[in-house]
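Just below is one structure, and these are the notes that go with it.
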Amino acid sequence: MRAIEIDGKGGPEVLRLAERPVPRPGPGEVQIRVAAAGVNGADLAQRRGVYPPPEGASDLPGLEVAGTISAIGEGVEGFSQGDRVCALLVGGGYAEFCTAPAAQVLHLPQNVDTIEGAGLIETVATVWANVFEAGRMRAGEKLLVHGGASGIGTTAIQLAKLMGATVFATCGSDKKAERCRDLGADRAINYRTESFAEVIRAEAGDVDVILDIIGGPYLGDNIGSLARGGRLVFIAFSGGRMGQLDIARVMMNGLTVTGSTLRSRPVAEKARLIAAVREHVWPLLASGAFRPVIDSRFPLERAADAHRRMEASGHVGKIVLTL
């Protein structure tokens, strides 16, 4: 099969089209003929050599795919060959075939095509785990999403609004701010021309939950923007991993500061999370109330261009590789 390998550590140029053996499903797994694969920040970090795959995982990048079931491992129930599905992977998505634990696979609703499906499950699982579980987001609360135009951001905005939240989002241009508002953000903040902390203070007073991808440089303003009992959840640290924390404010206001990654979670934990996504998000997807936002698509052999597109930060929503 065709696959994209990472040849060394570095820029997009280290991505190479190669031939690999077709992986076979083990007990409890399914094999998927990949129609499209989502491109994620974790793929870029792996390519740079700062986010290696867990022990025993495929060395190929790619954490989410959509396609059809092509083979079924021992003990798997609920799937048949030819089923249209999307899957959460630990790696191996940049290829014509991949395998995944059946518990991390969901059938695609009829109104969702494989391009949309490829940019769906990793993002939705991340948002559910961090906004609604770790962040304990509830109806009537206020959410601040940093990186509102990203795949994570466009998903968080939509789901939070559907769950009854007031949503603030930061982004890097007026065009992106307009798109965030179109998706449901009550206020979109262009961080190049406005201070999010000043906007929050003036227009909302504070927020209950912050979903952060920046890290250190935003730590102080994030803490200062949280209401009593507020929750700050880190899912990345693109601006740096170190920052100064006002411990007294955390204590006096009863704040929670937490963070997580998805890739390293054990299969049982991912299975629980995927079950929650099926219960809470899939009905919204099937009804059309929620839709994944697809920015662009590139054929598999142009994976390097897809990475360049993401690194240029001009995208809104997900970038997808097609096969």
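Naming works like this for the structure tokens: A, B, ... for the chains as they're shown, residue 1 at the start of each chain, ligands 1 onward in shown order.
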Nearby residues (only C-alpha atoms) at most 12 Å from range 225-227 of chain A, same-chain spacing under 3 positions excluded, as a compact mmCIF listing (two decimals) with C-alpha atoms, in the first residue's frame:
# COMPACT_ATOMS: atom_id res chain seq x y z
CA GLU A 141 -21.73 29.32 31.29
CA LYS A 142 -19.18 31.31 29.30
CA LEU A 143 -16.40 29.67 27.27
CA LEU A 144 -13.26 31.23 25.81
CA PHE A 168 -15.77 33.92 23.02
CA SER A 195 -6.31 42.09 24.00
CA PHE A 196 -8.56 39.13 24.81
CA ALA A 197 -8.20 39.83 28.52
CA GLU A 198 -9.40 43.42 28.09
CA VAL A 199 -12.31 42.33 25.89
CA ILE A 200 -13.39 39.68 28.40
CA ARG A 201 -13.14 42.12 31.30
CA ALA A 202 -15.12 44.83 29.47
CA GLU A 203 -17.79 42.71 27.80
CA ALA A 204 -18.24 39.67 30.02
CA GLY A 205 -16.47 40.34 33.30
CA ASP A 206 -15.06 36.84 33.29
CA VAL A 207 -15.52 33.37 31.77
CA ASP A 208 -16.09 29.96 33.31
CA VAL A 209 -13.97 27.77 31.01
CA ILE A 210 -10.94 28.46 28.81
CA LEU A 211 -9.68 26.02 26.19
CA TYR A 218 -1.37 33.43 27.89
CA LEU A 219 -1.21 31.93 31.39
CA GLY A 220 -1.46 35.15 33.37
CA ASP A 221 -4.29 36.64 31.32
CA ASN A 222 -6.12 33.32 31.29
CA GLY A 230 -13.34 28.66 36.67
CA ARG A 231 -11.48 25.96 34.73
CA LEU A 232 -8.44 26.42 32.48
CA VAL A 233 -7.75 23.46 30.21
CA ARG A 249 -5.59 33.90 42.66
CA VAL A 250 -5.97 30.18 41.91
CA MET A 252 -8.78 32.42 46.43
CA ASN A 253 -11.03 31.86 43.40
CA GLY A 254 -11.05 28.07 43.58
CA LEU A 255 -9.71 27.72 40.04
CA THR A 256 -8.81 24.48 38.30
CA VAL A 257 -5.83 24.32 35.94
Nearby residues (only C-alpha atoms) at most 12 Å from Ala160 in chain A, same-chain spacing under 4 positions excluded, as a ChimeraX atom specification = /A:124,127-128,130-132,135-145,152-156,164-169,183-186,209-211,281,284,290
With a distance cut-off of 12 Å and only C-alpha atoms, select the neighbouring residues of Leu89 in chain A, excluding the residue or stretch itself and same-chain residues fewer than 3 positions from it, and output the selection as a VMD selection string.
-> chain A and resid 29 to 32 37 to 38 40 42 to 43 53 to 54 57 to 66 86 92 to 94 98 to 105 118 121 to 122 125 262 to 267 270 to 271 274
Restricting it to N, CA and C atoms, dump the selection as a CSV table (one decimal), in the first residue's frame.
chain,number,residue,atom,x,y,z
A,29,GLU,N,-10.0,-5.7,16.6
A,29,GLU,CA,-9.7,-4.6,15.6
A,29,GLU,C,-10.4,-4.8,14.3
A,30,VAL,N,-10.5,-3.7,13.6
A,30,VAL,CA,-11.0,-3.7,12.2
A,30,VAL,C,-9.9,-3.1,11.3
A,31,GLN,N,-9.9,-3.5,10.1
A,31,GLN,CA,-9.1,-2.9,9.0
A,31,GLN,C,-9.9,-1.9,8.2
A,32,ILE,N,-9.4,-0.7,7.9
A,32,ILE,CA,-10.1,0.3,7.2
A,32,ILE,C,-9.4,0.6,5.9
A,37,ALA,N,-7.8,11.2,5.4
A,37,ALA,CA,-7.2,11.3,6.7
A,37,ALA,C,-7.1,12.7,7.2
A,38,GLY,N,-7.4,13.0,8.4
A,38,GLY,CA,-7.3,14.3,8.9
A,38,GLY,C,-5.8,14.7,9.3
A,40,ASN,N,-3.5,16.9,11.7
A,40,ASN,CA,-3.5,17.5,13.0
A,40,ASN,C,-2.2,18.0,13.5
A,42,ALA,N,-0.6,17.3,16.1
A,42,ALA,CA,0.2,16.3,16.6
A,42,ALA,C,1.1,15.6,15.4
A,43,ASP,N,0.5,15.6,14.2
A,43,ASP,CA,1.3,15.1,13.1
A,43,ASP,C,2.5,15.9,12.8
A,53,PRO,N,5.5,8.6,18.5
A,53,PRO,CA,4.3,7.7,18.8
A,53,PRO,C,4.6,6.9,20.0
A,54,PRO,N,3.5,6.5,20.7
A,54,PRO,CA,3.7,5.6,21.9
A,54,PRO,C,4.3,4.2,21.5
A,57,ALA,N,3.1,1.6,18.7
A,57,ALA,CA,2.2,2.2,17.7
A,57,ALA,C,2.9,2.3,16.3
A,58,SER,N,2.1,2.5,15.3
A,58,SER,CA,2.6,2.7,13.9
A,58,SER,C,3.5,3.9,13.9
A,59,ASP,N,4.6,3.9,13.2
A,59,ASP,CA,5.4,5.1,13.1
A,59,ASP,C,4.9,6.1,12.0
A,60,LEU,N,3.9,5.7,11.3
A,60,LEU,CA,3.3,6.6,10.3
A,60,LEU,C,2.4,7.6,11.0
A,61,PRO,N,2.4,8.9,10.5
A,61,PRO,CA,1.5,9.9,11.1
A,61,PRO,C,0.1,9.6,10.7
A,62,GLY,N,-0.8,10.3,11.4
A,62,GLY,CA,-2.2,10.2,11.1
A,62,GLY,C,-3.0,9.7,12.2
A,63,LEU,N,-3.8,10.5,12.9
A,63,LEU,CA,-4.6,10.1,14.1
A,63,LEU,C,-6.1,10.0,13.9
A,64,GLU,N,-6.5,10.2,12.6
A,64,GLU,CA,-8.0,10.0,12.4
A,64,GLU,C,-8.2,9.8,10.9
A,65,VAL,N,-9.1,8.9,10.6
A,65,VAL,CA,-9.4,8.6,9.2
A,65,VAL,C,-10.9,8.4,9.0
A,66,ALA,N,-11.3,8.4,7.7
A,66,ALA,CA,-12.6,7.9,7.4
A,66,ALA,C,-12.5,7.0,6.1
A,86,CYS,N,-15.6,6.3,10.6
A,86,CYS,CA,-14.4,7.1,11.0
A,86,CYS,C,-13.8,6.5,12.2
A,92,GLY,N,-0.7,6.0,12.0
A,92,GLY,CA,-0.9,5.1,10.8
A,92,GLY,C,-2.0,5.6,9.8
A,93,GLY,N,-2.5,6.8,10.0
A,93,GLY,CA,-3.6,7.2,9.2
A,93,GLY,C,-3.2,7.7,7.8
A,94,TYR,N,-2.0,8.1,7.6
A,94,TYR,CA,-1.5,8.6,6.3
A,94,TYR,C,-1.2,7.4,5.4
A,98,CYS,N,-5.4,1.1,7.3
A,98,CYS,CA,-5.0,1.2,8.6
A,98,CYS,C,-5.8,0.2,9.5
A,99,THR,N,-5.4,0.0,10.7
A,99,THR,CA,-6.2,-0.8,11.6
A,99,THR,C,-6.5,0.0,12.9
A,100,ALA,N,-7.6,-0.3,13.5
A,100,ALA,CA,-8.0,0.5,14.7
A,100,ALA,C,-8.8,-0.5,15.6
A,101,PRO,N,-8.7,-0.3,17.0
A,101,PRO,CA,-9.6,-1.0,17.9
A,101,PRO,C,-11.0,-0.7,17.5
A,102,ALA,N,-11.9,-1.7,17.4
A,102,ALA,CA,-13.3,-1.4,17.1
A,102,ALA,C,-14.0,-0.4,18.0
A,103,ALA,N,-13.5,-0.4,19.2
A,103,ALA,CA,-14.1,0.5,20.2
A,103,ALA,C,-13.8,2.0,19.9
A,104,GLN,N,-12.9,2.2,19.0
A,104,GLN,CA,-12.5,3.6,18.6
A,104,GLN,C,-13.0,3.9,17.2
A,105,VAL,N,-14.0,3.2,16.7
A,105,VAL,CA,-14.6,3.4,15.4
A,105,VAL,C,-16.0,3.7,15.5
A,118,ALA,N,-13.3,12.4,7.9
A,118,ALA,CA,-11.8,12.4,8.2
A,118,ALA,C,-11.4,13.5,9.1
A,121,ILE,N,-13.4,12.9,14.1
A,121,ILE,CA,-13.4,12.2,15.3
A,121,ILE,C,-12.3,12.6,16.3
A,122,GLU,N,-11.1,12.9,15.8
A,122,GLU,CA,-10.1,13.3,16.8
A,122,GLU,C,-10.4,14.7,17.4
A,125,ALA,N,-13.6,14.3,19.8
A,125,ALA,CA,-13.2,13.6,21.0
A,125,ALA,C,-12.3,14.5,21.9
A,262,LEU,N,-4.7,13.2,24.0
A,262,LEU,CA,-5.6,12.2,23.7
A,262,LEU,C,-4.8,10.9,23.2
A,263,ARG,N,-3.8,11.1,22.5
A,263,ARG,CA,-3.1,10.0,21.9
A,263,ARG,C,-2.6,8.9,22.8
A,264,SER,N,-2.1,9.3,24.0
A,264,SER,CA,-1.5,8.4,24.9
A,264,SER,C,-2.5,7.7,25.8
A,265,ARG,N,-3.8,8.0,25.7
A,265,ARG,CA,-4.7,7.4,26.6
A,265,ARG,C,-4.9,5.9,26.3
A,266,PRO,N,-5.1,5.0,27.2
A,266,PRO,CA,-5.3,3.6,26.9
A,266,PRO,C,-6.6,3.4,26.1
A,267,VAL,N,-6.6,2.2,25.5
A,267,VAL,CA,-7.8,1.9,24.6
A,267,VAL,C,-9.1,2.0,25.4
A,270,LYS,N,-10.2,5.5,25.8
A,270,LYS,CA,-10.6,6.0,24.5
A,270,LYS,C,-12.0,5.5,24.1
A,271,ALA,N,-12.2,4.2,24.4
A,271,ALA,CA,-13.5,3.5,24.2
A,271,ALA,C,-14.6,4.2,25.0
A,274,ILE,N,-15.2,7.6,23.2
A,274,ILE,CA,-15.9,7.5,21.9
A,274,ILE,C,-17.4,7.1,22.2
In range 32-133 of chain A, DSSP strand (DSSP E) residues written as number ranges by chain | A: 32-39, 64-72, 84-88, 97-101, 105-107
Spatial neighbours of Gly172 in chain A, max dist 7 Å, only C-alpha atoms, sep filter under 3 positions, as JSON, numbers by chain | {"A": [176, 190, 191, 192]}
Which distance in Å separates CA of Asp295 in chain A and CA of Thr126 in chain A, to one decimal?
->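 Computed distance, CA of Asp295 in chain A to CA of Thr126 in chain A, equals 18.7 Å.
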Contacts of Pro109 in chain A at 10 Å or less, counting only C-alpha atoms, minus same-chain residues fewer than 3 places along, as a PyMOL selection string?
-> chain A and resi 84-85+106+112-113+117+282-283+285-288
